[in-house]
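Chemist: See structure_13.txt below, with compact mmCIF, C-alpha atoms.
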```txt
# COMPACT_ATOMS: atom_id res chain seq x y z
CA MET H 1 -153.97 -1.34 -99.91
CA HIS H 2 -154.87 -4.50 -101.81
CA ALA H 3 -153.36 -6.64 -104.53
CA GLU H 4 -155.41 -5.00 -107.30
CA ASP H 5 -154.08 -1.56 -106.33
CA ILE H 6 -150.50 -2.51 -107.15
CA ALA H 7 -150.98 -5.11 -109.91
CA GLU H 8 -149.32 -4.30 -113.22
CA GLU H 9 -149.70 -5.60 -116.75
CA PHE H 10 -147.09 -8.15 -117.65
CA PRO H 11 -145.95 -9.59 -120.98
CA THR H 12 -147.46 -13.00 -121.71
CA VAL H 13 -146.89 -15.65 -124.32
CA GLY H 14 -149.09 -18.58 -125.29
CA VAL H 15 -147.82 -22.08 -124.57
CA ASP H 16 -148.26 -22.96 -128.27
CA ALA H 17 -146.60 -19.78 -129.58
CA ASP H 18 -143.30 -19.91 -131.44
CA ALA H 19 -140.33 -20.30 -129.11
CA LEU H 20 -138.58 -17.46 -130.94
CA ASP H 21 -141.46 -15.09 -130.14
CA ALA H 22 -140.98 -15.81 -126.43
CA VAL H 23 -137.25 -15.21 -126.71
CA ARG H 24 -137.88 -11.87 -128.45
CA LEU H 25 -140.39 -10.88 -125.76
CA LEU H 26 -137.82 -11.55 -123.03
CA ALA H 27 -135.10 -9.74 -124.97
CA ASP H 28 -137.14 -6.70 -126.04
CA ASN H 29 -138.52 -6.10 -122.54
CA ARG H 30 -135.24 -7.02 -120.83
CA LEU H 31 -137.23 -9.18 -118.44
CA PRO H 32 -135.98 -12.14 -116.39
CA ALA H 33 -139.27 -13.92 -117.14
CA VAL H 34 -142.51 -13.79 -119.12
CA VAL H 35 -145.82 -15.29 -118.03
CA VAL H 36 -146.99 -18.32 -120.03
CA VAL H 37 -150.74 -18.70 -120.62
CA ASP H 38 -152.53 -21.93 -121.54
CA GLU H 39 -154.86 -22.54 -124.49
CA SER H 40 -157.71 -20.73 -122.69
CA GLY H 41 -155.57 -17.67 -121.88
CA LYS H 42 -155.10 -18.60 -118.21
CA PRO H 43 -151.62 -17.83 -116.82
CA PHE H 44 -150.05 -20.98 -115.39
CA THR H 45 -146.27 -20.66 -115.28
CA VAL H 46 -143.36 -18.48 -116.37
CA LEU H 47 -140.59 -18.89 -118.91
CA LEU H 48 -137.31 -17.65 -117.44
CA ALA H 49 -134.59 -16.04 -119.56
CA ALA H 50 -132.09 -18.21 -117.70
CA GLN H 51 -134.06 -21.29 -118.73
CA VAL H 52 -133.84 -20.21 -122.37
CA LEU H 53 -130.06 -19.99 -122.07
CA HIS H 54 -130.07 -23.40 -120.43
CA GLY H 55 -131.81 -24.77 -123.51
CA LEU H 56 -129.24 -23.17 -125.80
CA VAL H 57 -126.14 -24.56 -124.18
CA PRO H 58 -125.37 -28.28 -124.50
CA GLY H 59 -125.17 -30.20 -121.20
CA TYR H 60 -121.43 -30.92 -121.51
CA VAL H 61 -120.71 -27.18 -121.86
CA ARG H 62 -122.90 -26.33 -118.85
CA ASP H 63 -120.91 -28.90 -116.87
CA ASP H 64 -117.62 -27.37 -118.04
CA PRO H 65 -118.08 -23.82 -119.43
CA SER H 66 -114.46 -23.84 -120.63
CA LEU H 67 -115.68 -26.16 -123.39
CA ALA H 68 -117.82 -23.33 -124.83
CA GLY H 69 -115.01 -22.70 -127.30
CA VAL H 70 -115.87 -25.91 -129.15
CA LEU H 71 -119.21 -24.38 -130.19
CA THR H 72 -118.51 -22.69 -133.48
CA GLU H 73 -121.96 -21.15 -133.92
CA SER H 74 -122.59 -17.63 -132.60
CA MET H 75 -125.24 -17.09 -129.93
CA ALA H 76 -127.55 -15.71 -132.60
CA ASP H 77 -127.10 -18.84 -134.70
CA GLN H 78 -127.60 -21.04 -131.64
CA ILE H 79 -130.91 -19.33 -130.97
CA THR H 80 -132.08 -19.69 -134.55
CA SER H 81 -130.98 -23.27 -135.03
CA LYS H 82 -132.22 -24.56 -131.67
CA PHE H 83 -135.54 -22.75 -131.49
CA ALA H 84 -136.75 -22.65 -135.10
CA ALA H 85 -140.05 -24.54 -135.45
CA LYS H 86 -140.25 -25.10 -131.69
CA THR H 87 -143.03 -23.92 -129.40
CA VAL H 88 -142.90 -22.33 -125.97
CA ARG H 89 -144.07 -25.65 -124.53
CA GLU H 90 -140.82 -27.25 -125.65
CA LEU H 91 -138.77 -24.61 -123.81
CA LEU H 92 -140.54 -25.27 -120.51
CA SER H 93 -139.15 -27.81 -118.11
CA ASP H 94 -141.01 -31.10 -117.63
CA GLU H 95 -142.54 -29.77 -114.44
CA PRO H 96 -142.86 -26.02 -114.97
CA PRO H 97 -143.13 -24.12 -111.66
CA GLU H 98 -146.66 -23.27 -110.61
CA LEU H 99 -147.48 -19.56 -110.73
CA PRO H 100 -148.53 -18.26 -107.32
CA GLU H 101 -152.00 -16.72 -107.36
CA VAL H 102 -153.58 -14.07 -105.15
CA GLN H 103 -157.06 -12.56 -105.15
CA HIS H 104 -157.66 -8.92 -106.09
CA ASP H 105 -158.66 -8.03 -102.52
CA ASP H 106 -155.76 -9.79 -100.79
CA THR H 107 -153.54 -7.64 -98.55
CA LEU H 108 -149.89 -6.98 -99.38
CA VAL H 109 -148.89 -9.33 -96.57
CA GLU H 110 -150.93 -12.08 -98.22
CA VAL H 111 -149.21 -11.33 -101.53
CA ALA H 112 -145.80 -11.50 -99.82
CA ALA H 113 -146.77 -14.84 -98.28
CA ALA H 114 -147.86 -16.26 -101.64
CA ILE H 115 -144.68 -15.13 -103.41
CA SER H 116 -142.34 -16.28 -100.66
CA ALA H 117 -144.01 -19.70 -100.51
CA SER H 118 -143.20 -20.22 -104.20
CA ARG H 119 -139.99 -20.49 -106.16
CA LEU H 120 -140.98 -17.59 -108.41
CA PRO H 121 -140.48 -13.87 -107.77
CA LEU H 122 -144.01 -12.86 -108.78
CA ALA H 123 -147.69 -13.64 -108.31
CA VAL H 124 -150.64 -13.32 -110.68
CA VAL H 125 -153.68 -11.39 -109.42
CA ARG H 126 -157.10 -12.95 -110.00
CA GLY H 127 -160.17 -10.78 -110.48
CA CYS H 128 -158.44 -7.48 -111.16
CA ALA H 129 -159.27 -5.22 -114.09
CA LEU H 130 -156.06 -5.96 -116.04
CA PRO H 131 -156.04 -8.79 -118.60
CA VAL H 132 -153.09 -10.35 -116.79
CA GLY H 133 -152.21 -8.50 -113.59
CA VAL H 134 -148.95 -9.39 -111.91
CA ILE H 135 -147.13 -8.29 -108.77
CA THR H 136 -143.38 -8.85 -108.70
CA ALA H 137 -141.39 -9.10 -105.47
CA SER H 138 -139.66 -5.77 -106.15
CA ARG H 139 -142.97 -4.04 -106.98
CA LEU H 140 -144.32 -5.21 -103.64
CA LEU H 141 -141.27 -3.86 -101.79
CA GLU H 142 -141.54 -0.57 -103.68
CA ARG H 143 -145.17 0.00 -102.74
CA ALA H 144 -144.69 -1.17 -99.16
CA LEU H 145 -141.82 1.29 -98.66
CA SER H 146 -143.67 4.18 -100.29
CA THR H 147 -146.44 3.94 -97.72
CA SER H 148 -144.15 3.78 -94.68
CA MET U 1 -118.62 -9.65 -129.72
CA HIS U 2 -117.27 -10.22 -126.22
CA ALA U 3 -118.53 -10.01 -122.66
CA GLU U 4 -117.12 -6.51 -122.12
CA ASP U 5 -119.07 -5.19 -125.12
CA ILE U 6 -122.42 -6.00 -123.56
CA ALA U 7 -121.66 -5.64 -119.82
CA GLU U 8 -123.72 -3.06 -117.97
CA GLU U 9 -123.41 -1.34 -114.63
CA PHE U 10 -125.49 -2.94 -111.94
CA PRO U 11 -126.61 -1.76 -108.49
CA THR U 12 -124.47 -3.19 -105.70
CA VAL U 13 -124.71 -3.22 -101.94
CA GLY U 14 -122.02 -4.01 -99.37
CA VAL U 15 -122.45 -7.13 -97.26
CA ASP U 16 -122.19 -4.98 -94.10
CA ALA U 17 -124.60 -2.27 -95.31
CA ASP U 18 -127.95 -1.73 -93.62
CA ALA U 19 -130.54 -4.28 -94.70
CA LEU U 20 -133.02 -1.45 -95.30
CA ASP U 21 -130.63 0.17 -97.81
CA ALA U 22 -130.61 -3.05 -99.82
CA VAL U 23 -134.41 -3.25 -99.73
CA ARG U 24 -134.65 0.36 -100.96
CA LEU U 25 -132.17 -0.38 -103.76
CA LEU U 26 -134.29 -3.32 -104.93
CA ALA U 27 -137.49 -1.31 -104.64
CA ASP U 28 -136.24 1.91 -106.26
CA ASN U 29 -134.72 0.10 -109.23
CA ARG U 30 -137.56 -2.43 -109.47
CA LEU U 31 -134.95 -5.15 -109.75
CA PRO U 32 -135.34 -8.85 -108.95
CA ALA U 33 -131.82 -8.81 -107.46
CA VAL U 34 -128.89 -6.61 -106.48
CA VAL U 35 -125.25 -7.70 -106.46
CA VAL U 36 -123.64 -8.04 -103.02
CA VAL U 37 -119.97 -7.08 -102.68
CA ASP U 38 -117.65 -8.21 -99.89
CA GLU U 39 -115.51 -6.00 -97.62
CA SER U 40 -112.95 -5.49 -100.41
CA GLY U 41 -115.60 -4.49 -102.96
CA LYS U 42 -115.52 -7.83 -104.78
CA PRO U 43 -118.96 -9.04 -106.01
CA PHE U 44 -119.69 -12.49 -104.60
CA THR U 45 -123.43 -13.14 -104.58
CA VAL U 46 -126.82 -11.52 -105.10
CA LEU U 47 -129.65 -10.57 -102.80
CA LEU U 48 -132.98 -11.49 -104.41
CA ALA U 49 -136.15 -9.48 -103.85
CA ALA U 50 -137.96 -12.79 -103.36
CA GLN U 51 -135.47 -13.68 -100.61
CA VAL U 52 -136.25 -10.41 -98.84
CA LEU U 53 -139.96 -11.28 -98.87
CA HIS U 54 -139.07 -14.72 -97.57
CA GLY U 55 -137.36 -13.07 -94.60
CA LEU U 56 -140.42 -10.90 -93.93
CA VAL U 57 -142.99 -13.66 -93.79
CA PRO U 58 -143.01 -16.08 -90.82
CA GLY U 59 -142.48 -19.74 -91.71
CA TYR U 60 -145.97 -20.80 -90.65
CA VAL U 61 -147.50 -18.22 -93.01
CA ARG U 62 -145.28 -19.35 -95.91
CA ASP U 63 -146.49 -22.89 -95.26
CA ASP U 64 -150.12 -21.73 -95.24
CA PRO U 65 -150.56 -18.28 -96.86
CA SER U 66 -154.19 -18.21 -95.69
CA LEU U 67 -152.77 -17.51 -92.21
CA ALA U 68 -151.41 -14.13 -93.43
CA GLY U 69 -154.52 -12.56 -91.92
CA VAL U 70 -153.18 -13.20 -88.42
CA LEU U 71 -150.34 -10.71 -89.09
CA THR U 72 -151.69 -7.38 -87.95
CA GLU U 73 -148.69 -5.31 -89.07
CA SER U 74 -148.70 -3.77 -92.56
CA MET U 75 -145.97 -4.74 -95.04
CA ALA U 76 -144.28 -1.42 -94.38
CA ASP U 77 -144.24 -2.11 -90.64
CA GLN U 78 -143.01 -5.65 -91.25
CA ILE U 79 -140.08 -4.29 -93.23
CA THR U 80 -139.19 -1.72 -90.62
CA SER U 81 -139.55 -4.01 -87.60
CA LYS U 82 -137.77 -7.00 -89.13
CA PHE U 83 -134.90 -5.21 -90.85
CA ALA U 84 -134.06 -2.32 -88.53
CA ALA U 85 -130.48 -2.63 -87.24
CA LYS U 86 -129.82 -5.65 -89.46
CA THR U 87 -127.18 -5.92 -92.15
CA VAL U 88 -127.32 -7.34 -95.66
CA ARG U 89 -125.33 -10.33 -94.39
CA GLU U 90 -128.28 -11.28 -92.17
CA LEU U 91 -130.66 -11.28 -95.16
CA LEU U 92 -128.49 -13.69 -97.13
CA SER U 93 -129.11 -17.41 -96.85
CA ASP U 94 -126.56 -19.54 -95.01
CA GLU U 95 -125.06 -20.62 -98.30
CA PRO U 96 -125.58 -17.66 -100.64
CA PRO U 97 -125.42 -18.72 -104.31
CA GLU U 98 -122.07 -18.15 -105.97
CA LEU U 99 -122.07 -15.41 -108.60
CA PRO U 100 -121.00 -16.77 -112.00
CA GLU U 101 -117.96 -14.98 -113.39
CA VAL U 102 -116.80 -14.47 -116.95
CA GLN U 103 -113.75 -12.73 -118.35
CA HIS U 104 -114.01 -9.49 -120.35
CA ASP U 105 -112.88 -11.25 -123.54
CA ASP U 106 -115.17 -14.27 -123.24
CA THR U 107 -117.59 -14.90 -126.11
CA LEU U 108 -121.35 -14.64 -125.69
CA VAL U 109 -121.58 -18.43 -125.86
CA GLU U 110 -119.16 -18.65 -122.94
CA VAL U 111 -121.30 -16.14 -121.02
CA ALA U 112 -124.42 -18.20 -121.78
CA ALA U 113 -122.63 -21.33 -120.55
CA ALA U 114 -121.57 -19.64 -117.30
CA ILE U 115 -125.07 -18.30 -116.59
CA SER U 116 -126.84 -21.53 -117.46
CA ALA U 117 -124.47 -23.55 -115.27
CA SER U 118 -125.49 -21.43 -112.27
CA ARG U 119 -128.75 -20.91 -110.44
CA LEU U 120 -128.60 -17.14 -111.03
CA PRO U 121 -129.83 -15.22 -114.10
CA LEU U 122 -126.68 -13.08 -114.45
CA ALA U 123 -122.89 -13.17 -114.54
CA VAL U 124 -120.32 -10.63 -113.39
CA VAL U 125 -117.64 -9.61 -115.92
CA ARG U 126 -114.04 -9.50 -114.72
CA GLY U 127 -111.56 -7.09 -116.21
CA CYS U 128 -114.00 -4.76 -117.95
CA ALA U 129 -113.92 -0.98 -117.60
CA LEU U 130 -117.06 -0.76 -115.44
CA PRO U 131 -116.72 -0.81 -111.64
CA VAL U 132 -119.11 -3.76 -111.50
CA GLY U 133 -120.08 -5.00 -114.97
CA VAL U 134 -122.90 -7.49 -115.19
CA ILE U 135 -124.62 -9.39 -118.00
CA THR U 136 -128.15 -10.61 -117.30
CA ALA U 137 -129.74 -13.50 -119.17
CA SER U 138 -132.19 -11.16 -120.91
CA ARG U 139 -129.40 -8.72 -121.88
CA LEU U 140 -127.53 -11.61 -123.49
CA LEU U 141 -130.62 -12.67 -125.45
CA GLU U 142 -131.25 -9.07 -126.51
CA ARG U 143 -127.74 -8.60 -127.91
CA ALA U 144 -127.63 -12.03 -129.51
CA LEU U 145 -130.91 -11.36 -131.35
CA SER U 146 -129.87 -7.88 -132.45
CA THR U 147 -126.88 -9.32 -134.34
CA SER U 148 -128.81 -12.07 -136.08
```
Please re-express this file's structure in structure tokens.
Modeler:
Amino acid sequence: MHAEDIAEEFPTVGVDADALDAVRLLADNRLPAVVVVDESGKPFTVLLAAQVLHGLVPGYVRDDPSLAGVLTESMADQITSKFAAKTVRELLSDEPPELPEVQHDDTLVEVAAAISASRLPLAVVRGCALPVGVITASRLLERALSTS
Amino acid sequence: MHAEDIAEEFPTVGVDADALDAVRLLADNRLPAVVVVDESGKPFTVLLAAQVLHGLVPGYVRDDPSLAGVLTESMADQITSKFAAKTVRELLSDEPPELPEVQHDDTLVEVAAAISASRLPLAVVRGCALPVGVITASRLLERALSTS
């Protein structure tokens, strides 16, 4: 079994798309992350739901969550006021984590190696038939167990 | 809206359970993480699917994924041979990340603050009706957007 046999389509968002579109994509799909593609459509990093929350909460509240009570806006208002007119690029950290890549004919062990060498729980598959084919860590475990 | 209104049940595994049971739970639910509970049933950390892969791949292959070809066992065999007769405790890192906690009557902003102060994309909700109630980052975004 090779990477292309277990790759799945994955939601993507352009780095210059509206930040709110990325937040909706995460929310609607209930995903911990979406793949971010560059101007040419090439996947290069992910935007994590946790990172979005990080951007919503002021630093002094992150340091002391008991101060959250001083924020009078609702979460919905926080999202609207912080992310209106922003792009996905502005939600990414200064050094967004590099997306691990595997080739379509790599073995599952090679995929596991690529994922575990990175800080992200997924790898993008190059050269497979899907527009953006991804293998998550749990997908890999699922397919490995189903063949045992 | 408060934490208990958006908390959801979440798969858990005991710290002394078989490692393979935890791997199956991750695989069957296609989850990036399951919650780990201690001997008294109290949630205290998570086991990440990516961490499981990390445990499967030898250090020298993580350092240089091109060496994955030297591993002659399939992923399924790797899982069986590495995790047989091990417990969940042995899959956890030496200092497993602390699970953020919120109270059932905390606001969504307080939940966002707790999650974004941690390295994990979810918080456990104390005092809600569910056995183990959890709010993930994407669940929080979903509910926040649906009320805007």
Chemist: Skip H:Asp38 itself and residues of its chain fewer than 2 positions away, then list as a list in words all residues within 9 Å of it, counting all atoms listed in the file.
Modeler: Val13, Gly14, Val15, Asp16, Val36, Ser40, Gly41, Lys42, Pro43, Phe44 and Thr45 of chain H
Chemist: In Å, rounded to a single decimal, give me how far atom CA of U:Leu122 is from atom CA of H:Asp77.
Modeler: 21.1 Å
Chemist: Which distance in Å separates atom CA of U:Pro11 and atom CA of H:Ile135, to one decimal?
Modeler: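 Between atom CA of U:Pro11 and atom CA of H:Ile135 the gap works out to 21.5 Å.
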Chemist: Residues within 12 Å of U:Asp5, please, as a PyMOL selection string. Count all atoms listed in the file; anything in the same chain fewer than 5 positions from it doesn't count.
Modeler: chain U and resi 103-108+111+125+127-130+133-135+139-140+143-144
Chemist: Let's have the selection written as a PDB file, keeping the file's coordinate frame, with C-alpha atoms.
Modeler:
```pdb
ATOM      1  CA  GLN U 103    -113.750 -12.730-118.350  1.00  0.00           C
ATOM      2  CA  HIS U 104    -114.010  -9.490-120.350  1.00  0.00           C
ATOM      3  CA  ASP U 105    -112.880 -11.250-123.540  1.00  0.00           C
ATOM      4  CA  ASP U 106    -115.170 -14.270-123.240  1.00  0.00           C
ATOM      5  CA  THR U 107    -117.590 -14.900-126.110  1.00  0.00           C
ATOM      6  CA  LEU U 108    -121.350 -14.640-125.690  1.00  0.00           C
ATOM      7  CA  VAL U 111    -121.300 -16.140-121.020  1.00  0.00           C
ATOM      8  CA  VAL U 125    -117.640  -9.610-115.920  1.00  0.00           C
ATOM      9  CA  GLY U 127    -111.560  -7.090-116.210  1.00  0.00           C
ATOM     10  CA  CYS U 128    -114.000  -4.760-117.950  1.00  0.00           C
ATOM     11  CA  ALA U 129    -113.920  -0.980-117.600  1.00  0.00           C
ATOM     12  CA  LEU U 130    -117.060  -0.760-115.440  1.00  0.00           C
ATOM     13  CA  GLY U 133    -120.080  -5.000-114.970  1.00  0.00           C
ATOM     14  CA  VAL U 134    -122.900  -7.490-115.190  1.00  0.00           C
ATOM     15  CA  ILE U 135    -124.620  -9.390-118.000  1.00  0.00           C
ATOM     16  CA  ARG U 139    -129.400  -8.720-121.880  1.00  0.00           C
ATOM     17  CA  LEU U 140    -127.530 -11.610-123.490  1.00  0.00           C
ATOM     18  CA  ARG U 143    -127.740  -8.600-127.910  1.00  0.00           C
ATOM     19  CA  ALA U 144    -127.630 -12.030-129.510  1.00  0.00           C
TER      20      ALA U 144
END
```
Chemist: Output chain H as a compact mmCIF listing (two decimals) with C-alpha atoms, keeping the file's coordinate frame, after least-squares fitting it to chain U on all in-order C-alpha pairs.
Modeler:
```txt
# COMPACT_ATOMS: atom_id res chain seq x y z
CA MET H 1 -118.63 -9.65 -129.73
CA HIS H 2 -117.26 -10.20 -126.23
CA ALA H 3 -118.52 -10.00 -122.68
CA GLU H 4 -117.13 -6.49 -122.12
CA ASP H 5 -119.06 -5.18 -125.13
CA ILE H 6 -122.42 -5.98 -123.56
CA ALA H 7 -121.65 -5.64 -119.83
CA GLU H 8 -123.74 -3.08 -117.96
CA GLU H 9 -123.41 -1.35 -114.62
CA PHE H 10 -125.49 -2.95 -111.94
CA PRO H 11 -126.60 -1.77 -108.50
CA THR H 12 -124.48 -3.20 -105.69
CA VAL H 13 -124.71 -3.22 -101.93
CA GLY H 14 -122.03 -4.01 -99.37
CA VAL H 15 -122.46 -7.13 -97.25
CA ASP H 16 -122.18 -4.97 -94.09
CA ALA H 17 -124.59 -2.27 -95.31
CA ASP H 18 -127.94 -1.73 -93.63
CA ALA H 19 -130.54 -4.28 -94.69
CA LEU H 20 -133.01 -1.45 -95.29
CA ASP H 21 -130.64 0.16 -97.81
CA ALA H 22 -130.62 -3.07 -99.82
CA VAL H 23 -134.40 -3.26 -99.71
CA ARG H 24 -134.65 0.34 -100.95
CA LEU H 25 -132.17 -0.39 -103.76
CA LEU H 26 -134.28 -3.33 -104.93
CA ALA H 27 -137.49 -1.32 -104.64
CA ASP H 28 -136.25 1.90 -106.25
CA ASN H 29 -134.71 0.09 -109.23
CA ARG H 30 -137.55 -2.44 -109.46
CA LEU H 31 -134.94 -5.16 -109.76
CA PRO H 32 -135.35 -8.87 -108.95
CA ALA H 33 -131.84 -8.82 -107.45
CA VAL H 34 -128.89 -6.63 -106.47
CA VAL H 35 -125.25 -7.71 -106.45
CA VAL H 36 -123.65 -8.05 -103.01
CA VAL H 37 -119.98 -7.08 -102.67
CA ASP H 38 -117.64 -8.20 -99.88
CA GLU H 39 -115.51 -6.00 -97.61
CA SER H 40 -112.95 -5.48 -100.41
CA GLY H 41 -115.61 -4.47 -102.97
CA LYS H 42 -115.54 -7.82 -104.80
CA PRO H 43 -118.96 -9.03 -106.00
CA PHE H 44 -119.69 -12.49 -104.60
CA THR H 45 -123.43 -13.15 -104.56
CA VAL H 46 -126.82 -11.54 -105.10
CA LEU H 47 -129.66 -10.58 -102.79
CA LEU H 48 -132.98 -11.50 -104.40
CA ALA H 49 -136.16 -9.49 -103.83
CA ALA H 50 -137.96 -12.80 -103.34
CA GLN H 51 -135.49 -13.69 -100.61
CA VAL H 52 -136.26 -10.42 -98.84
CA LEU H 53 -139.96 -11.29 -98.86
CA HIS H 54 -139.08 -14.73 -97.56
CA GLY H 55 -137.37 -13.07 -94.60
CA LEU H 56 -140.42 -10.91 -93.92
CA VAL H 57 -143.00 -13.65 -93.77
CA PRO H 58 -142.99 -16.06 -90.82
CA GLY H 59 -142.47 -19.74 -91.71
CA TYR H 60 -145.99 -20.79 -90.64
CA VAL H 61 -147.51 -18.21 -93.01
CA ARG H 62 -145.29 -19.33 -95.90
CA ASP H 63 -146.50 -22.88 -95.26
CA ASP H 64 -150.13 -21.72 -95.24
CA PRO H 65 -150.56 -18.26 -96.86
CA SER H 66 -154.19 -18.19 -95.68
CA LEU H 67 -152.76 -17.50 -92.22
CA ALA H 68 -151.41 -14.13 -93.44
CA GLY H 69 -154.50 -12.54 -91.92
CA VAL H 70 -153.16 -13.17 -88.43
CA LEU H 71 -150.32 -10.70 -89.10
CA THR H 72 -151.66 -7.37 -87.97
CA GLU H 73 -148.67 -5.30 -89.08
CA SER H 74 -148.68 -3.77 -92.57
CA MET H 75 -145.98 -4.75 -95.05
CA ALA H 76 -144.27 -1.44 -94.39
CA ASP H 77 -144.23 -2.11 -90.66
CA GLN H 78 -143.00 -5.66 -91.25
CA ILE H 79 -140.08 -4.30 -93.24
CA THR H 80 -139.19 -1.73 -90.61
CA SER H 81 -139.55 -4.01 -87.61
CA LYS H 82 -137.76 -7.01 -89.13
CA PHE H 83 -134.90 -5.23 -90.85
CA ALA H 84 -134.07 -2.32 -88.53
CA ALA H 85 -130.49 -2.63 -87.24
CA LYS H 86 -129.84 -5.65 -89.46
CA THR H 87 -127.17 -5.91 -92.15
CA VAL H 88 -127.32 -7.34 -95.65
CA ARG H 89 -125.35 -10.33 -94.38
CA GLU H 90 -128.28 -11.28 -92.16
CA LEU H 91 -130.66 -11.27 -95.14
CA LEU H 92 -128.50 -13.70 -97.12
CA SER H 93 -129.10 -17.40 -96.84
CA ASP H 94 -126.55 -19.54 -94.98
CA GLU H 95 -125.05 -20.61 -98.29
CA PRO H 96 -125.58 -17.67 -100.63
CA PRO H 97 -125.42 -18.71 -104.31
CA GLU H 98 -122.07 -18.15 -105.96
CA LEU H 99 -122.07 -15.42 -108.61
CA PRO H 100 -121.01 -16.77 -112.00
CA GLU H 101 -117.97 -14.98 -113.39
CA VAL H 102 -116.79 -14.46 -116.96
CA GLN H 103 -113.72 -12.72 -118.35
CA HIS H 104 -114.00 -9.49 -120.36
CA ASP H 105 -112.89 -11.24 -123.56
CA ASP H 106 -115.18 -14.27 -123.24
CA THR H 107 -117.59 -14.91 -126.13
CA LEU H 108 -121.36 -14.65 -125.69
CA VAL H 109 -121.58 -18.43 -125.87
CA GLU H 110 -119.16 -18.65 -122.94
CA VAL H 111 -121.29 -16.15 -121.03
CA ALA H 112 -124.42 -18.21 -121.78
CA ALA H 113 -122.63 -21.33 -120.55
CA ALA H 114 -121.57 -19.64 -117.30
CA ILE H 115 -125.07 -18.30 -116.59
CA SER H 116 -126.85 -21.53 -117.46
CA ALA H 117 -124.49 -23.56 -115.27
CA SER H 118 -125.50 -21.44 -112.27
CA ARG H 119 -128.74 -20.89 -110.43
CA LEU H 120 -128.60 -17.14 -111.03
CA PRO H 121 -129.82 -15.23 -114.09
CA LEU H 122 -126.69 -13.09 -114.44
CA ALA H 123 -122.90 -13.16 -114.54
CA VAL H 124 -120.31 -10.63 -113.39
CA VAL H 125 -117.65 -9.60 -115.92
CA ARG H 126 -114.04 -9.50 -114.72
CA GLY H 127 -111.56 -7.06 -116.22
CA CYS H 128 -114.00 -4.74 -117.95
CA ALA H 129 -113.94 -0.97 -117.61
CA LEU H 130 -117.08 -0.75 -115.44
CA PRO H 131 -116.74 -0.80 -111.64
CA VAL H 132 -119.11 -3.76 -111.51
CA GLY H 133 -120.07 -5.01 -114.97
CA VAL H 134 -122.90 -7.49 -115.20
CA ILE H 135 -124.62 -9.39 -117.99
CA THR H 136 -128.14 -10.61 -117.30
CA ALA H 137 -129.73 -13.50 -119.18
CA SER H 138 -132.18 -11.17 -120.93
CA ARG H 139 -129.40 -8.72 -121.90
CA LEU H 140 -127.54 -11.60 -123.50
CA LEU H 141 -130.63 -12.67 -125.47
CA GLU H 142 -131.23 -9.07 -126.53
CA ARG H 143 -127.73 -8.60 -127.92
CA ALA H 144 -127.63 -12.04 -129.52
CA LEU H 145 -130.90 -11.36 -131.37
CA SER H 146 -129.86 -7.88 -132.47
CA THR H 147 -126.88 -9.29 -134.34
CA SER H 148 -128.80 -12.06 -136.12
```
Chemist: U:Leu141: which residues within 9 Å, counting all atoms listed in the file, same-chain residues fewer than 5 positions away excluded, as a PyMOL selection string?
Modeler: (chain H and resi 23-24+26-28+30+49+52-53+75-76+79) or (chain U and resi 136+146)
Chemist: Find the residue from H:Glu110, H:Val57, H:Pro96, H:Ala33 that sits nearest to U:Val70; use only C-alpha atoms when measuring.
Modeler: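 Nearest candidate to U:Val70 out of H:Glu110, H:Val57, H:Pro96, H:Ala33: H:Glu110.
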Chemist: Of the candidates H:Asp94, H:Val61, H:Val37, H:Leu20, which one gets nearest to chain U if we count only C-alpha atoms?
Modeler: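 Closest residue, counting only C-alpha atoms: H:Val61.
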Chemist: As an exercise, work out the distance from atom CA of U:Gln51 to atom CA of H:Glu142 in Å and give it to one decimal place.
Modeler: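 Atom-to-atom, atom CA of U:Gln51 and atom CA of H:Glu142 are spaced 14.8 Å apart.
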Chemist: Quick one: of H:Leu99, H:Lys82, H:Ala117, H:Leu47, who's nearest to chain U, counting only C-alpha atoms?
Modeler: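 Using only C-alpha atoms, the shortest distance to chain U belongs to H:Ala117.
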Chemist: Between H:Thr80, H:Asn29, H:Ser138, H:Thr12, single out the one closest to chain U, counting all atoms listed in the file.
Modeler: H:Ser138
